[in-house]
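Structure file model-v8.pdb with PDB, C-alpha atoms:
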ATOM      1  CA  MET A 131      18.435  -3.536   4.410
ATOM      2  CA  ALA A 132      16.759  -1.491   7.147
ATOM      3  CA  ASP A 133      13.018  -0.898   7.033
ATOM      4  CA  PRO A 134      12.072   2.601   5.862
ATOM      5  CA  ILE A 135      11.352   5.279   8.443
ATOM      6  CA  TRP A 136       7.860   6.542   7.716
ATOM      7  CA  ASP A 137       6.517  10.070   8.009
ATOM      8  CA  PRO A 138       2.740   9.943   8.667
ATOM      9  CA  ALA A 139       2.265  13.664   8.034
ATOM     10  CA  GLN A 140       3.974  13.423   4.643
ATOM     11  CA  TYR A 141       1.998  10.305   3.739
ATOM     12  CA  LEU A 142      -1.309  11.958   4.610
ATOM     13  CA  ARG A 143      -0.598  15.029   2.461
ATOM     14  CA  HIS A 144      -2.257  13.084  -0.374
ATOM     15  CA  ALA A 145      -4.809  11.280   1.773
ATOM     16  CA  GLY A 146      -7.692  11.739  -0.676
ATOM     17  CA  PRO A 147      -6.138  10.089  -3.744
ATOM     18  CA  ARG A 148      -4.544   7.406  -1.569
ATOM     19  CA  ALA A 149      -7.935   6.530  -0.051
ATOM     20  CA  ARG A 150      -9.729   6.022  -3.365
ATOM     21  CA  PRO A 151      -8.252   2.562  -4.158
ATOM     22  CA  PHE A 152      -9.123   1.315  -0.674
ATOM     23  CA  THR A 153     -12.751   2.386  -0.978
ATOM     24  CA  ASP A 154     -12.919   0.819  -4.447
ATOM     25  CA  LEU A 155     -11.509  -2.416  -3.023
ATOM     26  CA  LEU A 156     -13.865  -2.362  -0.059
ATOM     27  CA  ALA A 157     -16.865  -1.920  -2.368
ATOM     28  CA  ARG A 158     -16.108  -5.314  -3.953
ATOM     29  CA  VAL A 159     -15.731  -7.228  -0.678
ATOM     30  CA  PRO A 160     -18.800  -9.469  -0.329
ATOM     31  CA  ASP A 161     -20.899  -9.895   2.794
ATOM     32  CA  LEU A 162     -18.988 -11.677   5.541
ATOM     33  CA  PRO A 163     -20.108 -14.879   7.286
ATOM     34  CA  ALA A 164     -22.719 -14.486  10.030
ATOM     35  CA  GLY A 165     -21.661 -13.419  13.496
ATOM     36  CA  PRO A 166     -19.494 -10.563  14.763
ATOM     37  CA  PRO A 167     -16.655 -10.465  12.224
ATOM     38  CA  ARG A 168     -12.955 -10.725  13.011
ATOM     39  CA  ILE A 169     -11.035  -8.447  10.635
ATOM     40  CA  ALA A 170      -7.312  -7.762  10.088
ATOM     41  CA  ASP A 171      -5.933  -4.791   8.153
ATOM     42  CA  LEU A 172      -2.344  -5.585   7.141
ATOM     43  CA  GLY A 173      -0.198  -2.478   6.757
ATOM     44  CA  CYS A 174      -2.736  -0.138   8.327
ATOM     45  CA  GLY A 175      -0.453   2.916   8.419
ATOM     46  CA  PRO A 176      -1.982   5.742  10.488
ATOM     47  CA  GLY A 177      -5.290   3.886  10.713
ATOM     48  CA  THR A 178      -7.449   6.386   8.846
ATOM     49  CA  LEU A 179      -8.659   3.779   6.352
ATOM     50  CA  THR A 180      -8.946   1.016   8.948
ATOM     51  CA  GLU A 181     -11.715   3.084  10.503
ATOM     52  CA  LEU A 182     -13.784   2.518   7.346
ATOM     53  CA  LEU A 183     -13.821  -1.203   8.136
ATOM     54  CA  ALA A 184     -15.296  -0.529  11.567
ATOM     55  CA  ARG A 185     -17.954   1.665   9.995
ATOM     56  CA  ARG A 186     -19.040  -0.995   7.498
ATOM     57  CA  TRP A 187     -19.002  -3.760  10.104
ATOM     58  CA  PRO A 188     -19.767  -1.950  13.384
ATOM     59  CA  THR A 189     -20.007  -5.189  15.412
ATOM     60  CA  ALA A 190     -16.589  -6.399  14.249
ATOM     61  CA  ARG A 191     -13.334  -6.659  16.107
ATOM     62  CA  VAL A 192     -10.980  -4.875  13.724
ATOM     63  CA  THR A 193      -7.209  -4.923  14.224
ATOM     64  CA  GLY A 194      -4.806  -2.858  12.159
ATOM     65  CA  TYR A 195      -1.251  -4.205  11.935
ATOM     66  CA  ASP A 196       1.861  -2.269  10.927
ATOM     67  CA  ASN A 197       5.602  -2.419  11.625
ATOM     68  CA  SER A 198       6.055   1.372  11.769
ATOM     69  CA  PRO A 199       5.940   2.890  15.276
ATOM     70  CA  GLU A 200       5.614   6.315  13.641
ATOM     71  CA  MET A 201       2.473   5.275  11.781
ATOM     72  CA  LEU A 202       0.926   3.427  14.713
ATOM     73  CA  ALA A 203       1.436   6.455  16.945
ATOM     74  CA  ARG A 204      -1.114   8.266  14.769
ATOM     75  CA  ALA A 205      -3.694   5.473  14.917
ATOM     76  CA  SER A 206      -6.553   5.687  17.398
ATOM     77  CA  GLY A 207      -8.695   2.740  18.492
ATOM     78  CA  GLY A 208     -11.572   2.140  20.860
ATOM     79  CA  SER A 209     -15.117   0.829  20.971
ATOM     80  CA  THR A 210     -17.315   1.194  17.901
ATOM     81  CA  ALA A 211     -20.913   2.332  17.588
ATOM     82  CA  GLY A 212     -22.163  -1.227  17.101
ATOM     83  CA  GLY A 213     -20.372  -2.733  20.078
ATOM     84  CA  GLY A 214     -17.305  -3.831  18.187
ATOM     85  CA  ARG A 215     -13.726  -2.769  18.749
ATOM     86  CA  LEU A 216     -11.013  -1.068  16.723
ATOM     87  CA  GLU A 217      -7.414  -1.670  17.792
ATOM     88  CA  PHE A 218      -3.888  -1.395  16.406
ATOM     89  CA  ARG A 219      -0.829  -3.561  16.949
ATOM     90  CA  GLU A 220       2.763  -3.686  15.784
ATOM     91  CA  ALA A 221       3.490  -6.720  13.620
ATOM     92  CA  ASP A 222       5.743  -7.908  10.816
ATOM     93  CA  ILE A 223       3.476  -8.911   7.941
ATOM     94  CA  ARG A 224       6.254 -11.089   6.525
ATOM     95  CA  THR A 225       5.608 -13.549   9.366
ATOM     96  CA  TRP A 226       2.137 -12.577  10.615
ATOM     97  CA  THR A 227      -0.341 -15.438  10.918
ATOM     98  CA  PRO A 228      -3.588 -15.027  12.881
ATOM     99  CA  ALA A 229      -4.082 -17.114  15.995
ATOM    100  CA  GLU A 230      -7.829 -17.402  15.390
ATOM    101  CA  PRO A 231     -10.109 -17.631  12.347
ATOM    102  CA  HIS A 232     -10.752 -14.345  10.552
ATOM    103  CA  HIS A 233     -13.683 -13.321   8.403
ATOM    104  CA  LEU A 234     -11.699 -10.722   6.433
ATOM    105  CA  ILE A 235      -7.988 -10.140   5.897
ATOM    106  CA  ILE A 236      -7.441  -6.965   3.900
ATOM    107  CA  SER A 237      -4.369  -5.047   2.809
ATOM    108  CA  ASN A 238      -4.045  -1.717   1.019
ATOM    109  CA  ALA A 239      -0.835  -0.733  -0.813
ATOM    110  CA  THR A 240       1.382  -2.795   1.491
ATOM    111  CA  LEU A 241       2.160  -6.219   0.008
ATOM    112  CA  GLN A 242       4.487  -4.682  -2.604
ATOM    113  CA  TRP A 243       6.914  -4.089   0.285
ATOM    114  CA  ILE A 244       6.962  -7.833   1.102
ATOM    115  CA  PRO A 245       9.207  -9.915  -1.204
ATOM    116  CA  GLY A 246       7.460 -13.171  -2.049
ATOM    117  CA  HIS A 247       4.201 -11.974  -0.506
ATOM    118  CA  ALA A 248       2.135 -14.359  -2.633
ATOM    119  CA  ASP A 249       3.790 -17.227  -0.746
ATOM    120  CA  ARG A 250       1.850 -16.075   2.327
ATOM    121  CA  PHE A 251      -1.512 -16.595   0.640
ATOM    122  CA  PRO A 252      -1.888 -20.272   1.673
ATOM    123  CA  ASP A 253      -1.440 -19.405   5.361
ATOM    124  CA  TRP A 254      -3.827 -16.465   5.185
ATOM    125  CA  ILE A 255      -6.504 -18.369   3.268
ATOM    126  CA  ALA A 256      -6.187 -21.256   5.741
ATOM    127  CA  ALA A 257      -6.774 -18.765   8.570
ATOM    128  CA  LEU A 258     -10.053 -17.544   7.070
ATOM    129  CA  ALA A 259     -13.347 -18.816   8.411
ATOM    130  CA  PRO A 260     -15.486 -20.625   5.821
ATOM    131  CA  GLY A 261     -16.880 -17.972   3.504
ATOM    132  CA  GLY A 262     -14.246 -15.459   4.606
ATOM    133  CA  THR A 263     -12.362 -13.144   2.273
ATOM    134  CA  LEU A 264      -8.789 -12.087   1.503
ATOM    135  CA  ALA A 265      -8.714  -8.717  -0.285
ATOM    136  CA  PHE A 266      -5.781  -6.551  -1.278
ATOM    137  CA  GLN A 267      -4.630  -3.755  -3.549
ATOM    138  CA  VAL A 268      -1.065  -3.109  -4.705
ATOM    139  CA  PRO A 269       0.504  -0.480  -6.969
ATOM    140  CA  GLY A 270       1.122  -1.743 -10.480
ATOM    141  CA  ASN A 271       3.208   1.165 -11.733
ATOM    142  CA  PHE A 272       6.786   0.043 -11.111
ATOM    143  CA  ASP A 273       7.610   0.631 -14.761
ATOM    144  CA  ALA A 274       6.242   4.213 -14.639
ATOM    145  CA  PRO A 275       8.672   7.159 -14.923
ATOM    146  CA  SER A 276       8.222   7.948 -11.213
ATOM    147  CA  HIS A 277       9.721   4.598 -10.214
ATOM    148  CA  ARG A 278      12.059   4.018 -13.137
ATOM    149  CA  LEU A 279      13.798   7.376 -12.641
ATOM    150  CA  LEU A 280      14.137   6.714  -8.921
ATOM    151  CA  ARG A 281      15.779   3.343  -9.545
ATOM    152  CA  GLU A 282      18.239   4.926 -11.995
ATOM    153  CA  LEU A 283      19.245   7.609  -9.483
ATOM    154  CA  ALA A 284      19.505   5.138  -6.628
ATOM    155  CA  HIS A 285      21.765   2.937  -8.760
ATOM    156  CA  ARG A 286      24.099   5.877  -9.423
ATOM    157  CA  HIS A 287      24.341   6.494  -5.679
ATOM    158  CA  GLY A 288      24.973   2.822  -4.867
ATOM    159  CA  LEU A 289      21.513   2.406  -3.362
ATOM    160  CA  ALA A 290      19.835   0.107  -5.874
ATOM    161  CA  ALA A 291      19.458  -2.606  -3.243
ATOM    162  CA  VAL A 292      17.177  -0.505  -1.044
ATOM    163  CA  LEU A 293      14.441  -0.172  -3.693
ATOM    164  CA  ARG A 294      11.833  -2.555  -5.031
ATOM    165  CA  HIS A 295      11.995  -3.511  -8.703
ATOM    166  CA  GLU A 296       9.536  -4.244 -11.512
ATOM    167  CA  ASN A 297       8.726  -7.679 -10.079
ATOM    168  CA  ALA A 298       7.643  -6.325  -6.693
ATOM    169  CA  VAL A 299       4.074  -7.334  -7.564
ATOM    170  CA  LEU A 300       2.606 -10.086  -9.733
ATOM    171  CA  THR A 301       0.440  -9.658 -12.790
ATOM    172  CA  PRO A 302      -3.346  -9.790 -12.340
ATOM    173  CA  VAL A 303      -3.379 -13.184 -14.077
ATOM    174  CA  ASP A 304      -0.746 -14.540 -11.696
ATOM    175  CA  TYR A 305      -2.688 -13.345  -8.652
ATOM    176  CA  GLN A 306      -5.851 -14.885 -10.036
ATOM    177  CA  SER A 307      -4.078 -18.199 -10.652
ATOM    178  CA  ARG A 308      -2.499 -18.306  -7.190
ATOM    179  CA  LEU A 309      -5.775 -17.591  -5.405
ATOM    180  CA  THR A 310      -7.898 -19.860  -7.572
ATOM    181  CA  ASP A 311      -5.447 -22.696  -6.979
ATOM    182  CA  LEU A 312      -6.171 -22.273  -3.270
ATOM    183  CA  GLY A 313      -9.849 -22.990  -3.888
ATOM    184  CA  CYS A 314     -11.082 -19.400  -3.768
ATOM    185  CA  GLU A 315     -13.691 -17.631  -5.834
ATOM    186  CA  THR A 316     -11.666 -14.726  -7.198
ATOM    187  CA  ASP A 317     -12.343 -11.224  -8.463
ATOM    188  CA  VAL A 318      -9.177  -9.642  -9.884
ATOM    189  CA  TRP A 319      -8.905  -6.395 -11.816
ATOM    190  CA  GLU A 320      -6.692  -3.401 -12.492
ATOM    191  CA  THR A 321      -7.410   0.328 -12.637
ATOM    192  CA  THR A 322      -5.348   3.292 -13.735
ATOM    193  CA  TYR A 323      -6.190   6.442 -11.776
ATOM    194  CA  PHE A 324      -5.413   9.753 -13.406
ATOM    195  CA  HIS A 325      -4.699  11.944 -10.399
ATOM    196  CA  LEU A 326      -4.498  15.678 -10.975
ATOM    197  CA  LEU A 327      -2.055  16.866  -8.330
ATOM    198  CA  GLU A 328      -1.708  20.444  -7.163
ATOM    199  CA  GLY A 329       1.163  22.480  -5.777
ATOM    200  CA  GLU A 330       4.851  22.785  -6.571
ATOM    201  CA  ASP A 331       6.561  19.517  -7.532
ATOM    202  CA  PRO A 332       3.542  17.471  -6.443
ATOM    203  CA  VAL A 333       4.802  14.149  -7.836
ATOM    204  CA  LEU A 334       7.968  14.488  -5.769
ATOM    205  CA  ASP A 335       5.805  15.360  -2.769
ATOM    206  CA  TRP A 336       3.745  12.209  -3.371
ATOM    207  CA  MET A 337       6.832  10.022  -3.703
ATOM    208  CA  LYS A 338       8.328  11.419  -0.493
ATOM    209  CA  GLY A 339       5.462   9.750   1.336
ATOM    210  CA  THR A 340       5.993   6.277  -0.115
ATOM    211  CA  ALA A 341       8.515   5.002  -2.677
ATOM    212  CA  LEU A 342      11.228   7.522  -1.793
ATOM    213  CA  ARG A 343      11.218   6.564   1.905
ATOM    214  CA  PRO A 344      13.869   3.780   1.631
ATOM    215  CA  VAL A 345      16.301   6.172  -0.068
ATOM    216  CA  LEU A 346      15.677   8.947   2.452
ATOM    217  CA  THR A 347      16.212   6.441   5.253
ATOM    218  CA  ALA A 348      19.438   5.083   3.733
ATOM    219  CA  LEU A 349      20.848   8.614   3.359
ATOM    220  CA  ALA A 350      19.702   9.901   6.746
ATOM    221  CA  ASP A 351      23.321  10.256   7.906
ATOM    222  CA  ASP A 352      24.475  11.997   4.723
ATOM    223  CA  PRO A 353      22.277  15.104   4.278
ATOM    224  CA  GLU A 354      24.346  16.442   1.388
ATOM    225  CA  ALA A 355      24.043  13.271  -0.678
ATOM    226  CA  ARG A 356      20.365  13.035   0.169
ATOM    227  CA  GLU A 357      19.762  16.606  -0.983
ATOM    228  CA  ASP A 358      21.694  16.019  -4.220
ATOM    229  CA  LEU A 359      19.639  12.931  -5.034
ATOM    230  CA  VAL A 360      16.320  14.581  -4.206
ATOM    231  CA  ARG A 361      17.234  17.603  -6.322
ATOM    232  CA  ALA A 362      18.125  15.436  -9.317
ATOM    233  CA  TYR A 363      14.958  13.401  -8.842
ATOM    234  CA  ARG A 364      12.885  16.586  -8.677
ATOM    235  CA  ASP A 365      14.326  17.821 -11.973
ATOM    236  CA  ALA A 366      13.691  14.478 -13.678
ATOM    237  CA  LEU A 367      10.104  14.359 -12.420
ATOM    238  CA  ARG A 368       9.435  17.882 -13.662
ATOM    239  CA  GLU A 369      10.348  16.741 -17.156
ATOM    240  CA  ALA A 370       8.449  13.435 -16.934
ATOM    241  CA  TYR A 371       5.301  14.977 -15.428
ATOM    242  CA  PRO A 372       4.947  18.534 -16.750
ATOM    243  CA  PRO A 373       2.296  20.678 -15.057
ATOM    244  CA  THR A 374      -0.714  22.050 -16.897
ATOM    245  CA  GLU A 375      -2.878  25.034 -16.094
ATOM    246  CA  HIS A 376      -5.180  22.669 -14.177
ATOM    247  CA  GLY A 377      -2.517  20.790 -12.198
ATOM    248  CA  THR A 378      -0.023  17.967 -12.759
ATOM    249  CA  PRO A 379      -1.455  14.756 -14.286
ATOM    250  CA  PHE A 380      -0.132  11.673 -12.498
ATOM    251  CA  PRO A 381      -1.312   8.315 -13.913
ATOM    252  CA  PHE A 382      -1.190   5.544 -11.323
ATOM    253  CA  ARG A 383      -2.018   1.906 -12.105
ATOM    254  CA  ARG A 384      -3.167  -0.405  -9.319
ATOM    255  CA  VAL A 385      -3.967  -4.123  -9.120
ATOM    256  CA  PHE A 386      -6.843  -5.467  -6.993
ATOM    257  CA  ALA A 387      -7.806  -8.942  -5.817
ATOM    258  CA  VAL A 388     -10.707 -10.250  -3.770
ATOM    259  CA  ALA A 389     -10.615 -13.977  -2.934
ATOM    260  CA  ARG A 390     -13.526 -15.643  -1.126
ATOM    261  CA  LYS A 391     -12.931 -18.956   0.613
ATOM    262  CA  GLY A 392     -15.456 -21.726   0.074
ATOM    263  CA  ALA A 393     -18.196 -21.959   2.670
TER     264      ALA A 393
END

What's the C-alpha cells form of this structure?
Amino acid sequence: MADPIWDPAQYLRHAGPRARPFTDLLARVPDLPAGPPRIADLGCGPGTLTELLARRWPTARVTGYDNSPEMLARASGGSTAGGGRLEFREADIRTWTPAEPHHLIISNATLQWIPGHADRFPDWIAALAPGGTLAFQVPGNFDAPSHRLLRELAHRHGLAAVLRHENAVLTPVDYQSRLTDLGCETDVWETTYFHLLEGEDPVLDWMKGTALRPVLTALADDPEAREDLVRAYRDALREAYPPTEHGTPFPFRRVFAVARKGA
C-alpha cells in the first residue's frame, strides 16, 4: 500500500481545531531536564505546530520529522530567539530511532498511521535522557460515523486495505499499561472535542485533509471512480452530521499520553 499523498493547503484549512489537541498535550508536558533540550516532533506536517516547541524551549534544538515531501516543503526552520535551532527532516517514523539522547519526543495525530506503533515505545523511551518525556496524541474516533462510513464505501470500491481500522490506536488503559511497564510515570487521558464547523460540507472538507487521503491517493488514476466515491461519502456525511443554524457539530474524540522517564 502506497503512502498517502498529502495536501498541506487542504490540511491547514482547519488549522485552528487541529491545533487545539497539540496545545492541550503540550500544556501537560513537564519541565525538561536541565541544559539545552533536544526535541523531536514525529509527524510534524507543515511545521506550524513544531514552532510552538521552539517558543516554549527557545534554547532547544528542535527537529520535525515527516515522510511527506509536500508537507516538509511548507515547513520553515532557522535559529530561534533563545539561540536554539528549528529544523525539519524527512524520515520514516516506522523505523526512526534517534542517534543521540533526547529530552522530549512528541507526536501529534501521527502514530495512528503506524501499525504496531506501541512496539516502538521501548526504543523511544530508551533514547530519552533521564527525566525526559515521550508525549503523543492520537485520534480515538475510528468508530465514529465519519470513519465508519468511509470504510464501508472503500470496501464497496475494493479499497478496504488502504484504510486504517478500529484497532489503529490502543485504548487509554493499554497505553498506560505499556508505558508504565517501561518504568515511566504516566499521565493518560481522553477528550472529546465538539467542533462547530462552518461552510458547505465541512466534515467532508475536514476528512479530505486527513482520513480520506489514502482513498484519494489510491484513485488518483481513476478520476471518475474517485468522484463517485467522494459524492457518495458527501451524501452520507450530510445525513450523519446535519448542519444547524450555528454550523455543523463534529464530535472528535482524542487520546493523550505523557510518559516521563525516571531521572

I need the residue set behind the PyMOL selection byres ((chain A and resi 194-205) around 7) for this file; please write it as an MDAnalysis selection string. chainID A and resid 136:138 170:177 180 192:193 206:207 217:222

Evaluate the PyMOL selection byres ((chain A and resi 191) around 7) and record the selected residues as JSON, numbers by chain, following the chain and residue labels used in the document. {"A": [167, 168, 169, 189, 190, 192, 193, 214, 215, 216]}

Can you list every residue of range 290-335 of chain A that has an atom at most 12 Å from range 346-362 of chain A, with its nearest atom pair and the distance in Å to one decimal, using only C-alpha atoms, ordered by chain then number, as CSV?
residue,atom,partner,partner_atom,distance
A:Ala290,CA,A:Ala348,CA,10.8
A:Ala291,CA,A:Ala348,CA,10.4
A:Val292,CA,A:Ala348,CA,7.7
A:Leu293,CA,A:Ala348,CA,10.4
A:Asp331,CA,A:Arg361,CA,10.9
A:Leu334,CA,A:Val360,CA,8.5
A:Asp335,CA,A:Val360,CA,10.6

Fewer than 6 positions away in the same chain doesn't count, so skip those; otherwise give me all residues within 8 Å of Val159 in chain A, counting all atoms listed in the file, as a PyMOL selection string. chain A and resi 263+265+388

For the provided coordinates, the residues matched by the PyMOL selection byres ((chain A and resi 160) around 10) should be stated as number ranges by chain. A: 156-159, 161-163, 234, 261-263, 388-390

Wanna dump the range 268-336 of chain A-range 365-374 of chain A contacts at 12 Å for me, each residue with its shortest atom pair and the distance in Å to one decimal, counting only C-alpha atoms, ordered by chain and number, as CSV?
residue,atom,partner,partner_atom,distance
A:Ala274,CA,A:Ala370,CA,9.8
A:Pro275,CA,A:Ala370,CA,6.6
A:Ser276,CA,A:Leu367,CA,6.8
A:His277,CA,A:Leu367,CA,10.0
A:Arg278,CA,A:Leu367,CA,10.5
A:Leu279,CA,A:Ala366,CA,7.2
A:Leu280,CA,A:Ala366,CA,9.1
A:Glu282,CA,A:Ala366,CA,10.7
A:Leu283,CA,A:Ala366,CA,9.8
A:His325,CA,A:Tyr371,CA,11.6
A:Leu326,CA,A:Pro373,CA,9.4
A:Leu327,CA,A:Pro373,CA,8.9
A:Glu328,CA,A:Pro373,CA,8.9
A:Gly329,CA,A:Pro373,CA,9.5
A:Glu330,CA,A:Pro373,CA,9.1
A:Asp331,CA,A:Arg368,CA,7.0
A:Pro332,CA,A:Pro373,CA,9.3
A:Val333,CA,A:Leu367,CA,7.0
A:Leu334,CA,A:Leu367,CA,7.0
A:Asp335,CA,A:Leu367,CA,10.6
A:Trp336,CA,A:Leu367,CA,11.3

One decimal, in Å: what's the spacing between CA of Ser209 in chain A and CA of Pro188 in chain A?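 According to the coordinates, CA of Ser209 in chain A and CA of Pro188 in chain A are separated by 9.3 Å.
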
CA of His232 in chain A to CA of Ala145 in chain A: how many Å, to one decimal? 27.7 Å

So what do you get for CA of Pro269 in chain A versus CA of Pro245 in chain A, distance-wise?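 According to the coordinates, CA of Pro269 in chain A and CA of Pro245 in chain A are separated by 14.1 Å.
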
Can you tell me which residues surround Asp253 in chain A at a distance of at most 12 Å, considering only C-alpha atoms, apart from same-chain residues fewer than 4 positions away, and format the answer as a PyMOL selection string? chain A and resi 223-229+231-232+235+247-249+257-258+264+309+312

I'd like the neighbourhood of Arg383 in chain A as a VMD selection string, where a residue qualifies if any of its atoms comes within 7 Å (using only C-alpha atoms), though same-chain residues fewer than 4 positions away should be ignored. chain A and resid 269 to 271 321 to 323

When you count only C-alpha atoms, which of these residues is closest to His285 in chain A: A:Val268, A:Arg148, A:Ala164, A:Val345? A:Val345

Tell me which protein, DNA and RNA residues are within 8 Å of Glu320 in chain A, counting all atoms listed in the file, leaving out same-chain ones fewer than 2 positions away, and put them as JSON, numbers by chain. {"A": [302, 318, 322, 383, 384, 385, 386]}

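Closest approach to Gly165 in chain A from the set A:His233, A:Ala211, A:Phe324, A:Asp311 is made by A:His233, with distances taken over all atoms listed in the file.
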
Using only C-alpha atoms, find the one residue out of A:Lys338, A:Arg308, A:Arg281, A:Arg294 that sits nearest to Tyr141 in chain A.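 The answer is A:Lys338, which sits nearest to Tyr141 in chain A.
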